[in-house]
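For reference, the structure discussed in these notes is given below.
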Amino acid sequence: MKRVFVLFFVLFSTFAGLYAGPFGLSNGMTFEEVTEACGGKRPQRIENDDRYVIEPTKSHSMFKYYIAWINDEHGLYYVRGISEEIYTNDYGEELKREFYSFKDRVEKIYGTPELVDEMTDSNGLFKDEQYWLYALEKGSRQLYAKWNKENKKVTLKDDLYFVRLWGAYSGYKKTQLIIDYGFINQEKVENQEDDVL
């Protein structure tokens, strides 16, 4: 009986390792499990909420900073990777080049995303290409790709509900590429918060 248990434990550990989620993190991981996935380095709380700065051992060269949302009751439910600053011109060429190159890589994993690269300001004050970066700064333009469970062209795994890659303005001529992973237990966390309303 003891051998059967040991064999089951080894097989389960191997199976669980094969399906580890983004950056070696999975839906519902506890604080202690996230710490283990960070090589024993404890996540550092950002504010008095669920956000923690982490340093996962399975990191990606594109991203320098990582944030994990860990709920006391439901565990890990959201992960963000943030790139170093990408210096770009007024046309946003460098950011767009990085975005589309990385989008193509993510697309090979999850399928065809919803893609938005357009003005959101109905007045179109900054619609000319030489104002591309300024429009992004002012929130008049969006650049993102989203892989969502409802999209039939998308195949999400590891209990993911969505993946979103987006370009963000971070300062004069500076931008960043950000990737977000939302897990299926995010809805449980939202319901828990709504219970206090």
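Just remember, in the structure tokens the first chain shown is A, the second B, etc., residues are 1-based per chain, and ligands are 1-based in the order shown.
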Got a sec: who's within 8 Å of region 21-23 of chain A, counting only C-alpha atoms, leaving out chain neighbours fewer than 6 positions off, as a CSV table (one decimal) with N, CA, C and O atoms, in the first residue's frame?
```csv
chain,number,residue,atom,x,y,z
A,56,PRO,N,9.5,35.1,-9.9
A,56,PRO,CA,9.4,33.7,-10.2
A,56,PRO,C,10.7,33.1,-10.8
A,56,PRO,O,11.4,33.8,-11.6
A,57,THR,N,11.0,31.9,-10.5
A,57,THR,CA,12.2,31.2,-11.0
A,57,THR,C,12.0,31.0,-12.5
A,57,THR,O,12.9,30.9,-13.3
A,58,LYS,N,10.7,30.8,-13.0
A,58,LYS,CA,10.5,30.6,-14.4
A,58,LYS,C,10.0,32.0,-15.0
A,58,LYS,O,8.9,32.3,-15.1
A,59,SER,N,11.0,32.8,-15.2
A,59,SER,CA,10.8,34.1,-15.8
A,59,SER,C,11.0,34.1,-17.3
A,59,SER,O,11.5,33.2,-17.9
A,60,HIS,N,10.6,35.2,-17.9
A,60,HIS,CA,10.8,35.4,-19.4
A,60,HIS,C,11.7,36.6,-19.6
A,60,HIS,O,11.5,37.6,-18.9
A,157,LYS,N,-5.3,27.2,-21.4
A,157,LYS,CA,-5.0,26.0,-20.6
A,157,LYS,C,-4.7,26.5,-19.2
A,157,LYS,O,-4.7,27.7,-18.9
A,158,ASP,N,-4.4,25.5,-18.3
A,158,ASP,CA,-3.9,25.8,-17.0
A,158,ASP,C,-4.9,26.7,-16.2
A,158,ASP,O,-4.5,27.6,-15.4
A,181,TYR,N,-2.4,37.6,-17.0
A,181,TYR,CA,-3.0,36.3,-17.0
A,181,TYR,C,-4.1,36.3,-15.9
A,181,TYR,O,-3.8,36.5,-14.7
```
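Residues with any atom within 10 Å of region 47-50 of chain A, counting only C-alpha atoms and excluding same-chain neighbours fewer than 2 positions away, are Gln44, Arg45, Tyr52, Ile67, Ala68, Trp69, Ile70, Asn71, Asp72, Gly75, Leu76, Tyr77 and Tyr78 of chain A.
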Output N, CA, C and O atoms of each residue in that selection to a file, as an mmCIF file, in the first residue's frame.
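Saved to out-v3.cif:
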```
data_model
loop_
_atom_site.group_PDB
_atom_site.id
_atom_site.type_symbol
_atom_site.label_atom_id
_atom_site.label_comp_id
_atom_site.auth_asym_id
_atom_site.auth_seq_id
_atom_site.Cartn_x
_atom_site.Cartn_y
_atom_site.Cartn_z
ATOM 1 N N GLN A 44 6.541 40.236 -1.919
ATOM 2 C CA GLN A 44 6.508 41.487 -1.155
ATOM 3 C C GLN A 44 5.213 42.229 -1.441
ATOM 4 O O GLN A 44 4.958 42.611 -2.589
ATOM 5 N N ARG A 45 4.425 42.429 -0.397
ATOM 6 C CA ARG A 45 3.124 43.094 -0.561
ATOM 7 C C ARG A 45 3.320 44.531 -1.038
ATOM 8 O O ARG A 45 4.178 45.254 -0.549
ATOM 9 N N TYR A 52 1.234 41.520 -4.872
ATOM 10 C CA TYR A 52 2.580 41.245 -4.381
ATOM 11 C C TYR A 52 3.574 41.309 -5.535
ATOM 12 O O TYR A 52 3.291 40.813 -6.632
ATOM 13 N N ILE A 67 4.007 40.863 -10.937
ATOM 14 C CA ILE A 67 3.075 41.113 -9.840
ATOM 15 C C ILE A 67 2.081 39.957 -9.792
ATOM 16 O O ILE A 67 1.575 39.528 -10.837
ATOM 17 N N ALA A 68 1.808 39.450 -8.596
ATOM 18 C CA ALA A 68 0.834 38.379 -8.407
ATOM 19 C C ALA A 68 -0.251 38.862 -7.457
ATOM 20 O O ALA A 68 0.038 39.541 -6.468
ATOM 21 N N TRP A 69 -1.495 38.546 -7.784
ATOM 22 C CA TRP A 69 -2.623 38.835 -6.907
ATOM 23 C C TRP A 69 -2.955 37.531 -6.194
ATOM 24 O O TRP A 69 -3.343 36.549 -6.823
ATOM 25 N N ILE A 70 -2.772 37.529 -4.864
ATOM 26 C CA ILE A 70 -2.987 36.321 -4.065
ATOM 27 C C ILE A 70 -4.024 36.628 -2.992
ATOM 28 O O ILE A 70 -3.799 37.468 -2.121
ATOM 29 N N ASN A 71 -5.141 35.936 -3.054
ATOM 30 C CA ASN A 71 -6.216 36.108 -2.087
ATOM 31 C C ASN A 71 -6.059 35.096 -0.961
ATOM 32 O O ASN A 71 -5.714 33.934 -1.211
ATOM 33 N N ASP A 72 -6.303 35.528 0.280
ATOM 34 C CA ASP A 72 -6.131 34.631 1.434
ATOM 35 C C ASP A 72 -6.983 33.373 1.321
ATOM 36 O O ASP A 72 -6.551 32.286 1.692
ATOM 37 N N GLY A 75 -6.509 32.004 -3.075
ATOM 38 C CA GLY A 75 -5.167 31.843 -3.625
ATOM 39 C C GLY A 75 -4.879 32.759 -4.814
ATOM 40 O O GLY A 75 -5.528 33.793 -5.005
ATOM 41 N N LEU A 76 -3.919 32.353 -5.627
ATOM 42 C CA LEU A 76 -3.478 33.145 -6.768
ATOM 43 C C LEU A 76 -4.582 33.225 -7.815
ATOM 44 O O LEU A 76 -5.151 32.206 -8.208
ATOM 45 N N TYR A 77 -4.892 34.453 -8.274
ATOM 46 C CA TYR A 77 -5.934 34.587 -9.282
ATOM 47 C C TYR A 77 -5.565 35.518 -10.433
ATOM 48 O O TYR A 77 -6.307 35.632 -11.415
ATOM 49 N N TYR A 78 -4.399 36.152 -10.385
ATOM 50 C CA TYR A 78 -4.021 37.094 -11.441
ATOM 51 C C TYR A 78 -2.508 37.275 -11.406
ATOM 52 O O TYR A 78 -1.915 37.352 -10.325
#
```
Determine, using only C-alpha atoms, which residues of region 145-169 of chain A have any atom at most 9 Å from an atom of region 128-141 of chain A, and tabulate each with its shortest atom pair and distance in Å to one decimal place, rows ordered by chain and then rising number, as JSON lines.
```
{"residue": "A:Gly167", "atom": "CA", "partner": "A:Leu136", "partner_atom": "CA", "distance": 8.5}
{"residue": "A:Ala168", "atom": "CA", "partner": "A:Leu136", "partner_atom": "CA", "distance": 7.3}
{"residue": "A:Tyr169", "atom": "CA", "partner": "A:Glu137", "partner_atom": "CA", "distance": 5.3}
```
Handout entry: Expected answer as number ranges by chain: strand (DSSP E) residues in region 60-169 of chain A
Key = A: 63-71, 75-83, 86-87, 114-119, 141-148, 160-169
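Pairwise distance (CA of Tyr161 (chain A), CA of Trp147 (chain A)) equals 8.5 Å.
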Exercise for the section: In Å, rounded to a single decimal, give me how far CA of Ser83 (chain A) is from CA of Ser61 (chain A). Expected result: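 CA of Ser61 (chain A) sits 8.6 Å away from CA of Ser83 (chain A).
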Practice task
Pick out the closest residue to Tyr100 (chain A) from this set: A:Asp117, A:Glu187, A:Glu36, A:Glu150. Count only C-alpha atoms.
Solution key: A:Asp117
Practice task
Record the distance separating CA of Tyr110 (chain A) and CA of Ile86 (chain A), expressed in Å with one decimal.
Solution key: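 That distance, rounded to one decimal, is 24.9 Å.
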Handout entry: All helix (DSSP H, G or I) residues (DSSP, backbone) inside chain A, as a VMD selection string
Key = chain A and resid 2 to 18 22 to 24 31 to 37 93 to 110 129 to 137 186 to 194
Practice task
Pick out the closest residue to Glu33 (chain A) from this set: A:Tyr66, A:Glu85, A:Asn148, A:Ala20. Count only C-alpha atoms.
Solution key: A:Ala20
